[in-house]
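Chemist: Handing you this structure, nothing more for now.
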Amino acid sequence: MKKRESNIPVHRIHLIDEEIRRGTYPNKKILAKKLEVSERTIFRDLEFLRNFYNAPMEFDAVRNGFYYTDPDFYVKSVTLSEGELFSISLFDKLLSQYKNTPLEKKLKSIFEKITLSLPDSVQVDSGFLSKDITTISEPMPVIDVNVFSKIMESLQSRTTIEFDHYSLDDSQKKNRSIDPYHICCKGGSWYVIGFCHKREEVRIFALNRISNVRITKLHYSIPKNFKVGNYIDSGMGVWASEKIKYKIRIKCSKKLATVAREYKWHPNQELEIQEDGSVVVSFETTQMHETLKLVMSLGPDAVVLEPEELADLVVESAQNILSNYKKKA
């Protein structure tokens, strides 16, 4: 963690804040004498108070002192437990998982504001963790910060956007116009759910496949009957085209039983412990393709019991993989 900018002690800021809120109209000379520092130091403190805390502070020439234009303003302090302080120490490490994403800069800003609000006697230093803790992030697509910002802006202002987009199976960019309804993040990948003017239906677009976003002057309203749960499964995936809910049952071998009991693959999952030591995991979802990826990642130690459609997809995928290696042979 970096040292506090300008080395401004927070306790001195709180004392200055108290003096101003008391309504005595203190000036630099009075504050310097009371706090036993130079007037130059008080000047820096006042600038920090105005710039960092956005203090509504003005100077009254008649009363020769400072006052707040908003009588309800005060400098807020943060009190944390030992466990919370340790969590903040981990923040720098965990922040690496958001590297190259639009949220990285904002999260760093929040982190700095929290640490700057702590008393001077409290030091937050994640450096000591560098040798003891390692975080490994999943590969994440790179998202253009401008794309992220403009889509968020259009969602907040309820304004239609246009952009260039290429689908997963088509590298050719195509122009799209949508009314953004919802933003979704899954495993570091960000998606916008909205009404597509060309298809005349709600579609999902991956932000990393979007470029050249233009905010139009057209305004829209999100339909009252729109429910994000009809288009995504927060426990599994974001395939909007799959709207049929399937009952999934996967048998994990005894070798994989411990993993099956420990992992929470879906919020509504249920476990059935079998006499042979195997475990049957069951849940309901519309996300057949995401479930397929889960089953394939478990290898031969996972067998789909139902539905038959998922079992067929596993067989087809396995045959395609096998055929690729046969061609090489």
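Ordering of the structure tokens sets the chain letters (A, B, ...); residue numbers start at 1 within each chain; ligands are numbered from 1 in the order shown.
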Find the spatial neighbours of region 170-187 of chain A, counting only C-alpha atoms, within a cut-off of 9 Å - ignore same-chain residues fewer than 2 positions away - and output them as a PyMOL selection string.

Modeler: chain A and resi 138-140+151-152+154-155+158-168+189-198+202-203+209-210+219-223+226+228+232+234+236-238

Chemist: Would you please work out which residue, of A:Val295, A:Leu15, A:Gly235, A:Leu256, is nearest to Gln269 (chain A) when using only C-alpha atoms?

Modeler: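 Ranking A:Val295, A:Leu15, A:Gly235, A:Leu256 by distance to Gln269 (chain A), first place goes to A:Gly235.
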
Chemist: Please provide the set of residues having any atom within 8 Å of Tyr25 (chain A), restricted to only C-alpha atoms, with same-chain residues fewer than 5 positions apart removed, written as number ranges by chain.

Modeler: A: 19-20, 60, 63-67

Chemist: Please save N, CA and C atoms of the selected residues as a PDB file, in the first residue's frame.

Modeler:
ATOM      1  N   GLU A  19     -13.244  22.165  14.416  1.00  0.00           N
ATOM      2  CA  GLU A  19     -13.175  23.602  14.654  1.00  0.00           C
ATOM      3  C   GLU A  19     -14.098  24.375  13.710  1.00  0.00           C
ATOM      4  N   ILE A  20     -14.132  23.960  12.438  1.00  0.00           N
ATOM      5  CA  ILE A  20     -14.986  24.648  11.461  1.00  0.00           C
ATOM      6  C   ILE A  20     -16.458  24.402  11.774  1.00  0.00           C
ATOM      7  N   ASP A  60     -14.958  33.424   5.050  1.00  0.00           N
ATOM      8  CA  ASP A  60     -15.772  34.613   5.314  1.00  0.00           C
ATOM      9  C   ASP A  60     -14.829  35.783   5.598  1.00  0.00           C
ATOM     10  N   ARG A  63     -15.728  37.796   8.919  1.00  0.00           N
ATOM     11  CA  ARG A  63     -15.389  37.138  10.181  1.00  0.00           C
ATOM     12  C   ARG A  63     -13.959  36.585  10.184  1.00  0.00           C
ATOM     13  N   ASN A  64     -13.289  36.736   9.026  1.00  0.00           N
ATOM     14  CA  ASN A  64     -11.881  36.331   8.896  1.00  0.00           C
ATOM     15  C   ASN A  64     -11.661  34.868   9.296  1.00  0.00           C
ATOM     16  N   GLY A  65     -12.490  34.002   8.738  1.00  0.00           N
ATOM     17  CA  GLY A  65     -12.328  32.582   9.045  1.00  0.00           C
ATOM     18  C   GLY A  65     -13.117  31.693   8.098  1.00  0.00           C
ATOM     19  N   PHE A  66     -12.913  30.375   8.257  1.00  0.00           N
ATOM     20  CA  PHE A  66     -13.548  29.390   7.383  1.00  0.00           C
ATOM     21  C   PHE A  66     -14.860  28.884   7.983  1.00  0.00           C
ATOM     22  N   TYR A  67     -15.770  28.496   7.079  1.00  0.00           N
ATOM     23  CA  TYR A  67     -17.044  27.912   7.493  1.00  0.00           C
ATOM     24  C   TYR A  67     -17.524  26.959   6.405  1.00  0.00           C
TER      25      TYR A  67
END

Chemist: Pick from A:Ile244, A:Val280, A:Ala318, A:Leu31: nearest to Met296 (chain A), with only C-alpha atoms counted?

Modeler: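 Residue with the minimum atom-to-atom distance to Met296 (chain A): A:Ala318.
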
Chemist: When distances are computed from only C-alpha atoms, which of A:Val213, A:Val279, A:Leu49, A:Met288 shows the smallest separation from Ala260 (chain A)?

Modeler: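 Under the stated criterion, the closest residue is A:Val279.
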
Chemist: Considering only C-alpha atoms, return as a list in words whatever protein or nucleic-acid residues lie within 8 Å of Tyr246 (chain A), sequence-local ones (same chain, fewer than 5 positions apart) excluded.

Modeler: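 Listing them by chain and then by number gives Glu284, Thr285, Thr286, Met288 and Pro307 of chain A.
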
Chemist: Put those residues in a file: all heavy atoms, as a PDB file, in the first residue's frame.

Modeler:
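After the write, result_39.pdb holds the following:
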ATOM      1  N   GLU A 284     -31.616 -27.757 -11.330  1.00  0.00           N
ATOM      2  CA  GLU A 284     -32.383 -27.327 -12.495  1.00  0.00           C
ATOM      3  C   GLU A 284     -31.745 -26.091 -13.105  1.00  0.00           C
ATOM      4  O   GLU A 284     -31.343 -25.176 -12.396  1.00  0.00           O
ATOM      5  CB  GLU A 284     -33.833 -27.013 -12.108  1.00  0.00           C
ATOM      6  CG  GLU A 284     -34.633 -28.232 -11.704  1.00  0.00           C
ATOM      7  CD  GLU A 284     -36.092 -27.903 -11.473  1.00  0.00           C
ATOM      8  OE1 GLU A 284     -36.406 -26.691 -11.339  1.00  0.00           O
ATOM      9  OE2 GLU A 284     -36.915 -28.820 -11.434  1.00  0.00           O
ATOM     10  N   THR A 285     -31.655 -26.056 -14.429  1.00  0.00           N
ATOM     11  CA  THR A 285     -31.079 -24.911 -15.120  1.00  0.00           C
ATOM     12  C   THR A 285     -31.503 -24.890 -16.574  1.00  0.00           C
ATOM     13  O   THR A 285     -31.866 -25.931 -17.139  1.00  0.00           O
ATOM     14  CB  THR A 285     -29.532 -24.933 -15.042  1.00  0.00           C
ATOM     15  OG1 THR A 285     -29.005 -23.766 -15.686  1.00  0.00           O
ATOM     16  CG2 THR A 285     -28.969 -26.160 -15.728  1.00  0.00           C
ATOM     17  N   THR A 286     -31.443 -23.706 -17.166  1.00  0.00           N
ATOM     18  CA  THR A 286     -31.691 -23.568 -18.607  1.00  0.00           C
ATOM     19  C   THR A 286     -30.382 -23.620 -19.384  1.00  0.00           C
ATOM     20  O   THR A 286     -30.404 -23.671 -20.612  1.00  0.00           O
ATOM     21  CB  THR A 286     -32.359 -22.210 -18.903  1.00  0.00           C
ATOM     22  OG1 THR A 286     -31.487 -21.155 -18.456  1.00  0.00           O
ATOM     23  CG2 THR A 286     -33.695 -22.087 -18.198  1.00  0.00           C
ATOM     24  N   MET A 288     -27.803 -25.362 -20.777  1.00  0.00           N
ATOM     25  CA  MET A 288     -27.322 -26.662 -21.216  1.00  0.00           C
ATOM     26  C   MET A 288     -25.855 -26.623 -21.637  1.00  0.00           C
ATOM     27  O   MET A 288     -25.069 -27.523 -21.305  1.00  0.00           O
ATOM     28  CB  MET A 288     -28.178 -27.160 -22.381  1.00  0.00           C
ATOM     29  CG  MET A 288     -27.877 -28.596 -22.793  1.00  0.00           C
ATOM     30  SD  MET A 288     -28.430 -29.794 -21.571  1.00  0.00           S
ATOM     31  CE  MET A 288     -30.165 -29.882 -21.953  1.00  0.00           C
ATOM     32  N   PRO A 307     -30.672 -34.864 -18.295  1.00  0.00           N
ATOM     33  CA  PRO A 307     -31.591 -35.326 -19.347  1.00  0.00           C
ATOM     34  C   PRO A 307     -30.834 -36.032 -20.468  1.00  0.00           C
ATOM     35  O   PRO A 307     -29.609 -35.925 -20.576  1.00  0.00           O
ATOM     36  CB  PRO A 307     -32.229 -34.029 -19.839  1.00  0.00           C
ATOM     37  CG  PRO A 307     -31.125 -33.026 -19.690  1.00  0.00           C
ATOM     38  CD  PRO A 307     -30.423 -33.412 -18.428  1.00  0.00           C
TER      39      PRO A 307
END

Chemist: Using the chain letters and numbers from this document, which residues of region 157-202 of chain A does DSSP assign to strand (DSSP E), as number ranges by chain?

Modeler: A: 159-165, 174-186, 189-196, 201-202

Chemist: Those residues with N, CA, C and O atoms, as a short mmCIF file (atom, residue, chain, number, x, y, z; two decimals), in the first residue's frame please?

Modeler:
data_model
loop_
_atom_site.label_atom_id
_atom_site.label_comp_id
_atom_site.auth_asym_id
_atom_site.auth_seq_id
_atom_site.Cartn_x
_atom_site.Cartn_y
_atom_site.Cartn_z
N THR A 159 -30.98 5.25 -22.86
CA THR A 159 -30.78 5.74 -24.22
C THR A 159 -30.29 4.62 -25.12
O THR A 159 -29.36 3.89 -24.76
N THR A 160 -30.89 4.48 -26.29
CA THR A 160 -30.50 3.45 -27.25
C THR A 160 -29.06 3.64 -27.71
O THR A 160 -28.60 4.77 -27.87
N ILE A 161 -28.35 2.53 -27.91
CA ILE A 161 -26.97 2.60 -28.40
C ILE A 161 -26.83 1.79 -29.69
O ILE A 161 -27.57 0.86 -29.95
N GLU A 162 -25.85 2.19 -30.46
CA GLU A 162 -25.44 1.45 -31.65
C GLU A 162 -23.99 1.05 -31.48
O GLU A 162 -23.21 1.76 -30.83
N PHE A 163 -23.61 -0.08 -32.05
CA PHE A 163 -22.21 -0.52 -31.95
C PHE A 163 -21.90 -1.58 -33.00
O PHE A 163 -22.80 -2.11 -33.66
N ASP A 164 -20.62 -1.84 -33.17
CA ASP A 164 -20.16 -2.91 -34.05
C ASP A 164 -19.95 -4.15 -33.20
O ASP A 164 -19.43 -4.08 -32.08
N HIS A 165 -20.37 -5.32 -33.72
CA HIS A 165 -20.31 -6.54 -32.92
C HIS A 165 -20.01 -7.74 -33.82
O HIS A 165 -20.43 -7.80 -34.97
N LYS A 174 -20.70 -6.67 -37.36
CA LYS A 174 -22.00 -6.25 -37.86
C LYS A 174 -22.56 -5.16 -36.96
O LYS A 174 -22.34 -5.18 -35.75
N ASN A 175 -23.27 -4.24 -37.55
CA ASN A 175 -23.84 -3.14 -36.78
C ASN A 175 -25.09 -3.60 -36.03
O ASN A 175 -25.92 -4.30 -36.60
N ARG A 176 -25.17 -3.22 -34.78
CA ARG A 176 -26.33 -3.57 -33.96
C ARG A 176 -26.84 -2.33 -33.23
O ARG A 176 -26.08 -1.42 -32.91
N SER A 177 -28.13 -2.32 -32.95
CA SER A 177 -28.76 -1.25 -32.20
C SER A 177 -29.61 -1.89 -31.12
O SER A 177 -30.47 -2.72 -31.41
N ILE A 178 -29.34 -1.54 -29.84
CA ILE A 178 -30.07 -2.18 -28.75
C ILE A 178 -30.48 -1.16 -27.68
O ILE A 178 -29.91 -0.08 -27.57
N ASP A 179 -31.47 -1.57 -26.88
CA ASP A 179 -31.87 -0.85 -25.69
C ASP A 179 -31.35 -1.66 -24.50
O ASP A 179 -31.91 -2.73 -24.21
N PRO A 180 -30.31 -1.22 -23.83
CA PRO A 180 -29.74 -2.00 -22.72
C PRO A 180 -30.72 -2.13 -21.54
O PRO A 180 -31.26 -1.12 -21.08
N TYR A 181 -30.94 -3.35 -21.08
CA TYR A 181 -31.82 -3.61 -19.96
C TYR A 181 -31.06 -3.99 -18.69
O TYR A 181 -31.51 -3.71 -17.58
N HIS A 182 -29.91 -4.65 -18.87
CA HIS A 182 -29.22 -5.21 -17.71
C HIS A 182 -27.76 -5.51 -18.07
O HIS A 182 -27.46 -5.82 -19.22
N ILE A 183 -26.88 -5.37 -17.06
CA ILE A 183 -25.47 -5.73 -17.23
C ILE A 183 -25.19 -6.93 -16.35
O ILE A 183 -25.62 -6.99 -15.20
N CYS A 184 -24.45 -7.89 -16.88
CA CYS A 184 -24.17 -9.13 -16.15
C CYS A 184 -22.69 -9.48 -16.25
O CYS A 184 -22.07 -9.30 -17.30
N CYS A 185 -22.13 -9.97 -15.15
CA CYS A 185 -20.74 -10.42 -15.15
C CYS A 185 -20.68 -11.87 -14.70
O CYS A 185 -21.28 -12.24 -13.68
N LYS A 186 -19.97 -12.70 -15.45
CA LYS A 186 -19.78 -14.10 -15.07
C LYS A 186 -18.32 -14.48 -15.28
O LYS A 186 -17.83 -14.45 -16.40
N SER A 189 -16.13 -12.19 -17.32
CA SER A 189 -16.67 -11.81 -18.62
C SER A 189 -17.94 -10.98 -18.41
O SER A 189 -18.80 -11.36 -17.60
N TRP A 190 -18.05 -9.87 -19.14
CA TRP A 190 -19.19 -8.96 -18.96
C TRP A 190 -20.12 -9.03 -20.17
O TRP A 190 -19.67 -9.16 -21.31
N TYR A 191 -21.43 -8.93 -19.88
CA TYR A 191 -22.44 -9.03 -20.92
C TYR A 191 -23.49 -7.93 -20.74
O TYR A 191 -23.77 -7.52 -19.61
N VAL A 192 -24.07 -7.49 -21.84
CA VAL A 192 -25.20 -6.56 -21.78
C VAL A 192 -26.42 -7.28 -22.35
O VAL A 192 -26.35 -7.90 -23.42
N ILE A 193 -27.50 -7.22 -21.61
CA ILE A 193 -28.76 -7.83 -22.04
C ILE A 193 -29.69 -6.70 -22.47
O ILE A 193 -29.90 -5.75 -21.71
N GLY A 194 -30.19 -6.78 -23.69
CA GLY A 194 -31.03 -5.70 -24.16
C GLY A 194 -31.88 -6.08 -25.37
O GLY A 194 -31.69 -7.14 -25.98
N PHE A 195 -32.81 -5.20 -25.70
CA PHE A 195 -33.69 -5.44 -26.84
C PHE A 195 -32.95 -5.08 -28.12
O PHE A 195 -32.54 -3.94 -28.33
N CYS A 196 -32.78 -6.09 -28.98
CA CYS A 196 -32.08 -5.90 -30.25
C CYS A 196 -33.10 -5.43 -31.30
O CYS A 196 -34.08 -6.13 -31.58
N GLU A 201 -36.05 -8.78 -30.45
CA GLU A 201 -36.17 -9.59 -29.25
C GLU A 201 -34.99 -9.30 -28.32
O GLU A 201 -34.01 -8.68 -28.73
N VAL A 202 -35.11 -9.74 -27.09
CA VAL A 202 -34.04 -9.52 -26.12
C VAL A 202 -32.88 -10.45 -26.44
O VAL A 202 -33.07 -11.66 -26.62
#

Chemist: Just the number, please: distance in Å from CA of Tyr53 (chain A) to CA of Thr69 (chain A), one decimal.

Modeler: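 Computing it gives 14.2 Å between the two atoms.
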
Chemist: So how far away is CA of His11 (chain A) from CA of Arg40 (chain A), in Å?

Modeler: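 It comes out at 17.4 Å.
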
Chemist: Can you tell me which residues surround Arg12 (chain A) at a distance of at most 12 Å, considering only C-alpha atoms, apart from same-chain residues fewer than 5 positions away, and format the answer as a list of chain:residue names?

Modeler: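 Close residues of Arg12 (chain A): A:Asn7, A:Asp17, A:Glu18, A:Glu19, A:Leu31, A:Ala32, A:Lys34, A:Leu35, A:Glu36, A:Val37, A:Thr41, A:Ile42, A:Arg44, A:Asp45, A:Leu46, A:Phe48, A:Leu49, A:Val75, A:Ser117, A:Pro119, A:Asp120.
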
Chemist: Expressed in Å to a single decimal, how great is the separation between CA of Ile16 (chain A) and CA of Ile30 (chain A)?

Modeler: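 Distance reported for this atom pair: 10.5 Å.
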